[in-house]
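Take a look at the structure below.
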Amino acid sequence: MASHGILLVDKPGGLTSHDVVARVRRAFGTRKVGHAGTLDPMATGLLVIGIEGATRLLTYIVGADKTYTATIRLGSRTTTDDAEGDLVDTADAGAWASVDDEAVQNGIRSLTGAISQVPSSVSAIKVAGRRAYDLVRAGESVELAAREVTVSRFDLIAQRRTADFLDLDVIVDCSSGTYIRALARDLGDALGVGGHLTALRRTRVGGFHVEDAVGIDDLDGAPTLSPAAAAERVMPVLPVTAEEARDLRHGKRLVGQRDRLTASEVAALDPDGALVGILEARGKDIKSAMNMPEVQA
């Protein structure tokens, strides 16, 4: 029987997130596998994978903030806002006249903080029940609504100029739902030369880091985080007694104990250190929003 746990995988370029899930299913001998946030085939880096009962935790991980390293190419636009798309246009010499280091930094600053962002039309967002990228591939026009996101860090690490392009290596810390391709597109548009993404790597999802991940060829026997250890990286922990754990697992409330909660969502651990579930307030009481299977090994 497959263990219940969270597996961190360093996805290589060229594979879809679904490809990685399929390989994990084979390696762990179970169909019950999911992930906490898609990476495009071009992208590399951290995929947080849930196995068996730990898939229940993915709901609480998918909304975590994230860190990416990326390369933005200024000077051309593509149909997908990244290197996998078709070239739309290339900036002429005159367009570069005002694109100096100060202009680039000003453009980056304008895309830092709380911003309104229109996702790329080839994103996985659903429109009338279908993925936007499927609609685009079918030749349909897609216009996605702007959404509020937060880019808490947008740092320029290095830059390389050629006769036709300016490549920017950047690090981005952002809220869930932020599209780095859209940042590249919007920076290029603001500077009047166009832009798209040529490289993307996710290095962090909440408290999970790519340095702790295994490679795609090392899945057999790969170590997993227990549900309890994984939950501790996402939210505060509340120790509960064996009696409280039993009550919570049976759907009972901890009456009048709301003040024990230190956040809107808290992980309950029983005396053995096993994850009972995720707790939330209901009036003055505490109730399980999600219960884990009692057998987690």
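Residues in the structure tokens are named by chain (A, B, ... in the order shown) and by number from 1 within that chain; ligands are numbered from 1 in the order shown.
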
Just the residues within 7 Å of segment 93-101 of chain A, please, counting only C-alpha atoms, with nothing from its chain fewer than 6 positions along; format it as a PyMOL selection string.
chain A and resi 191-193

10 Å contact set for Ile180 of chain A, only C-alpha atoms, chain neighbours under 6 positions out, as number ranges by chain
A: 68-72, 81-82, 119-120, 151, 172, 174, 186, 196-197, 200

With N, CA, C and O atoms retained, export the selected residues as a PDB file, in the first residue's frame.
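So again.pdb came out as:
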```
ATOM      1  N   TYR A  68       9.934  32.315  -8.012  1.00  0.00           N
ATOM      2  CA  TYR A  68      10.398  31.877  -9.328  1.00  0.00           C
ATOM      3  C   TYR A  68      11.691  32.595  -9.693  1.00  0.00           C
ATOM      4  O   TYR A  68      11.887  33.759  -9.315  1.00  0.00           O
ATOM      5  N   THR A  69      12.543  31.918 -10.433  1.00  0.00           N
ATOM      6  CA  THR A  69      13.598  32.588 -11.176  1.00  0.00           C
ATOM      7  C   THR A  69      13.202  32.502 -12.648  1.00  0.00           C
ATOM      8  O   THR A  69      12.596  31.514 -13.075  1.00  0.00           O
ATOM      9  N   ALA A  70      13.516  33.542 -13.406  1.00  0.00           N
ATOM     10  CA  ALA A  70      13.047  33.591 -14.790  1.00  0.00           C
ATOM     11  C   ALA A  70      13.985  34.433 -15.631  1.00  0.00           C
ATOM     12  O   ALA A  70      14.760  35.251 -15.117  1.00  0.00           O
ATOM     13  N   THR A  71      13.897  34.229 -16.940  1.00  0.00           N
ATOM     14  CA  THR A  71      14.581  35.094 -17.899  1.00  0.00           C
ATOM     15  C   THR A  71      13.530  35.712 -18.813  1.00  0.00           C
ATOM     16  O   THR A  71      12.734  34.996 -19.429  1.00  0.00           O
ATOM     17  N   ILE A  72      13.526  37.033 -18.840  1.00  0.00           N
ATOM     18  CA  ILE A  72      12.616  37.801 -19.689  1.00  0.00           C
ATOM     19  C   ILE A  72      13.408  38.336 -20.872  1.00  0.00           C
ATOM     20  O   ILE A  72      14.445  38.981 -20.684  1.00  0.00           O
ATOM     21  N   ASP A  81       3.292  34.477 -24.968  1.00  0.00           N
ATOM     22  CA  ASP A  81       4.046  35.251 -23.977  1.00  0.00           C
ATOM     23  C   ASP A  81       5.242  34.485 -23.436  1.00  0.00           C
ATOM     24  O   ASP A  81       5.830  34.873 -22.423  1.00  0.00           O
ATOM     25  N   ASP A  82       5.594  33.381 -24.108  1.00  0.00           N
ATOM     26  CA  ASP A  82       6.812  32.659 -23.735  1.00  0.00           C
ATOM     27  C   ASP A  82       7.469  32.096 -24.992  1.00  0.00           C
ATOM     28  O   ASP A  82       6.972  32.282 -26.114  1.00  0.00           O
ATOM     29  N   PRO A 119      -4.199  37.542 -17.140  1.00  0.00           N
ATOM     30  CA  PRO A 119      -3.444  36.311 -17.418  1.00  0.00           C
ATOM     31  C   PRO A 119      -3.244  36.105 -18.915  1.00  0.00           C
ATOM     32  O   PRO A 119      -4.011  36.605 -19.742  1.00  0.00           O
ATOM     33  N   SER A 120      -2.215  35.350 -19.262  1.00  0.00           N
ATOM     34  CA  SER A 120      -1.989  34.981 -20.654  1.00  0.00           C
ATOM     35  C   SER A 120      -3.184  34.193 -21.177  1.00  0.00           C
ATOM     36  O   SER A 120      -3.796  33.412 -20.458  1.00  0.00           O
ATOM     37  N   VAL A 151       2.905  41.001  -6.209  1.00  0.00           N
ATOM     38  CA  VAL A 151       4.303  40.681  -6.508  1.00  0.00           C
ATOM     39  C   VAL A 151       5.128  41.358  -5.410  1.00  0.00           C
ATOM     40  O   VAL A 151       5.363  42.565  -5.439  1.00  0.00           O
ATOM     41  N   VAL A 172      11.303  36.438  -8.637  1.00  0.00           N
ATOM     42  CA  VAL A 172       9.976  36.958  -8.322  1.00  0.00           C
ATOM     43  C   VAL A 172       9.374  36.174  -7.155  1.00  0.00           C
ATOM     44  O   VAL A 172       9.322  34.943  -7.199  1.00  0.00           O
ATOM     45  N   CYS A 174       5.711  35.976  -5.324  1.00  0.00           N
ATOM     46  CA  CYS A 174       4.379  36.432  -5.701  1.00  0.00           C
ATOM     47  C   CYS A 174       3.288  35.587  -5.060  1.00  0.00           C
ATOM     48  O   CYS A 174       3.532  34.481  -4.571  1.00  0.00           O
ATOM     49  N   ASP A 186       3.930  42.311 -19.909  1.00  0.00           N
ATOM     50  CA  ASP A 186       3.565  43.667 -19.501  1.00  0.00           C
ATOM     51  C   ASP A 186       4.779  44.572 -19.371  1.00  0.00           C
ATOM     52  O   ASP A 186       4.702  45.771 -19.664  1.00  0.00           O
ATOM     53  N   HIS A 196       8.808  38.596 -23.739  1.00  0.00           N
ATOM     54  CA  HIS A 196       8.271  37.268 -23.456  1.00  0.00           C
ATOM     55  C   HIS A 196       9.249  36.505 -22.578  1.00  0.00           C
ATOM     56  O   HIS A 196      10.393  36.927 -22.387  1.00  0.00           O
ATOM     57  N   LEU A 197       8.782  35.399 -22.050  1.00  0.00           N
ATOM     58  CA  LEU A 197       9.565  34.595 -21.120  1.00  0.00           C
ATOM     59  C   LEU A 197      10.361  33.548 -21.884  1.00  0.00           C
ATOM     60  O   LEU A 197       9.816  32.861 -22.747  1.00  0.00           O
ATOM     61  N   LEU A 200      11.873  29.668 -17.045  1.00  0.00           N
ATOM     62  CA  LEU A 200      11.111  29.807 -15.807  1.00  0.00           C
ATOM     63  C   LEU A 200      11.406  28.612 -14.907  1.00  0.00           C
ATOM     64  O   LEU A 200      11.360  27.460 -15.354  1.00  0.00           O
TER      65      LEU A 200
END
```

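What separates atom CA of Ala64 of chain A from atom CA of Glu211 of chain A is a distance of 17.6 Å.
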
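The residue that comes closest to Leu74 of chain A, out of A:Thr16, A:Thr241, A:Thr203, A:Thr162 and on the basis of only C-alpha atoms, is A:Thr162.
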
Need to verify the contact set: Gln257 of chain A, 8 Å, only C-alpha atoms, exclusion of same-chain residues closer than 6 positions in sequence. Can you return it as a list of chain:residue names?
A:Lys284, A:Asp285, A:Ile286

Could you list, as a ChimeraX atom specification, every residue within 7 Å of Arg73 of chain A, counting only C-alpha atoms and ignoring same-chain residues fewer than 5 positions away?
/A:165-168,195-198

All strand (DSSP E) residues (DSSP, backbone) inside segment 102-238 of chain A, as a ChimeraX atom specification
/A:113-117,126-127,130-131,147-161,166-174,195-205,208-209,214-215,237-238

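Minimum atom-to-atom distance to Thr262 of chain A, evaluated using only C-alpha atoms, belongs to A:Pro236 out of A:Gly45, A:Gly5, A:Gly188, A:Pro236.
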
Could you tell me, as an MDAnalysis selection string, which residues of segment 20-181 of chain A DSSP assigns to alpha helix (DSSP H) when given the backbone?
chainID A and resid 20:28 58:61 101:110 132:137 180:181

Find the spatial neighbours of Glu243 of chain A, counting only C-alpha atoms, within a cut-off of 10 Å - ignore same-chain residues fewer than 5 positions away - and output them as a list in words.
Leu248, Arg249, Asp270 and Pro271 of chain A

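Among the candidates A:Ala231, A:Ala263, A:Ala222, A:Arg282, the one nearest to Thr59 of chain A when counting only C-alpha atoms is A:Ala231.
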
Quick one: contact table of segment 151-263 of chain A to segment 17-22 of chain A, 12 Å max, nearest atom pair and distance in Å to one decimal per residue, counting only C-alpha atoms, chain and number order, as CSV?
```
residue,atom,partner,partner_atom,distance
A:Val214,CA,A:Val20,CA,11.7
A:Gly215,CA,A:Val20,CA,10.4
A:Ile216,CA,A:Val20,CA,7.4
A:Asp217,CA,A:Val20,CA,10.4
A:Asp218,CA,A:Val20,CA,11.8
A:Leu219,CA,A:Val20,CA,9.9
```

Selection above as a file: C-alpha atoms, as a compact mmCIF listing (two decimals), in the first residue's frame:
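Generated output (part08.txt):
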```
# COMPACT_ATOMS: atom_id res chain seq x y z
CA VAL A 214 13.93 14.68 -5.90
CA GLY A 215 14.62 14.39 -9.61
CA ILE A 216 12.24 12.72 -12.02
CA ASP A 217 14.52 9.68 -12.31
CA ASP A 218 14.72 9.21 -8.53
CA LEU A 219 11.05 8.59 -7.72
```

Do you know which residues are at most 10 Å from His250 of chain A counting only C-alpha atoms, after dropping those on the same chain fewer than 5 positions away, and could you put them as a list in words?
Glu244, Ala245, Ser288 and Asn291 of chain A

What does the distance between atom CA of Pro227 of chain A and atom CA of Ala43 of chain A come to in Å, to one decimal place?
26.9 Å

Please list as a ChimeraX atom specification every residue within 6 Å of Val276 of chain A, counting only C-alpha atoms and excluding residues in the same chain fewer than 4 positions away.
/A:268-269,291-292

Output of the above residues as a PDB file, in the first residue's frame, restricted to C-alpha atoms:
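Result written to part_8.pdb:
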```
ATOM      1  CA  ALA A 268      -4.466  19.519  14.634  1.00  0.00           C
ATOM      2  CA  LEU A 269      -1.863  16.968  15.776  1.00  0.00           C
ATOM      3  CA  ASN A 291     -10.073  15.084   8.413  1.00  0.00           C
ATOM      4  CA  MET A 292      -7.136  12.885   7.491  1.00  0.00           C
TER       5      MET A 292
END
```

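Note that atom CA of Ala36 of chain A and atom CA of Gly251 of chain A are 26.2 Å apart.
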
Counting only C-alpha atoms, the residue among A:Tyr179, A:Ser264, A:Glu52, A:Arg147 that lies closest to Arg202 of chain A is A:Tyr179

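Across A:Thr78, A:Ser226, A:Ser116, A:Thr38, the tightest approach to Val205 of chain A is made by A:Thr38 when counting only C-alpha atoms.
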
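In this comparison, which uses only C-alpha atoms, the residue of A:Lys32, A:Arg56, A:Arg201, A:Arg258 approaching Leu275 of chain A most closely is A:Arg56.
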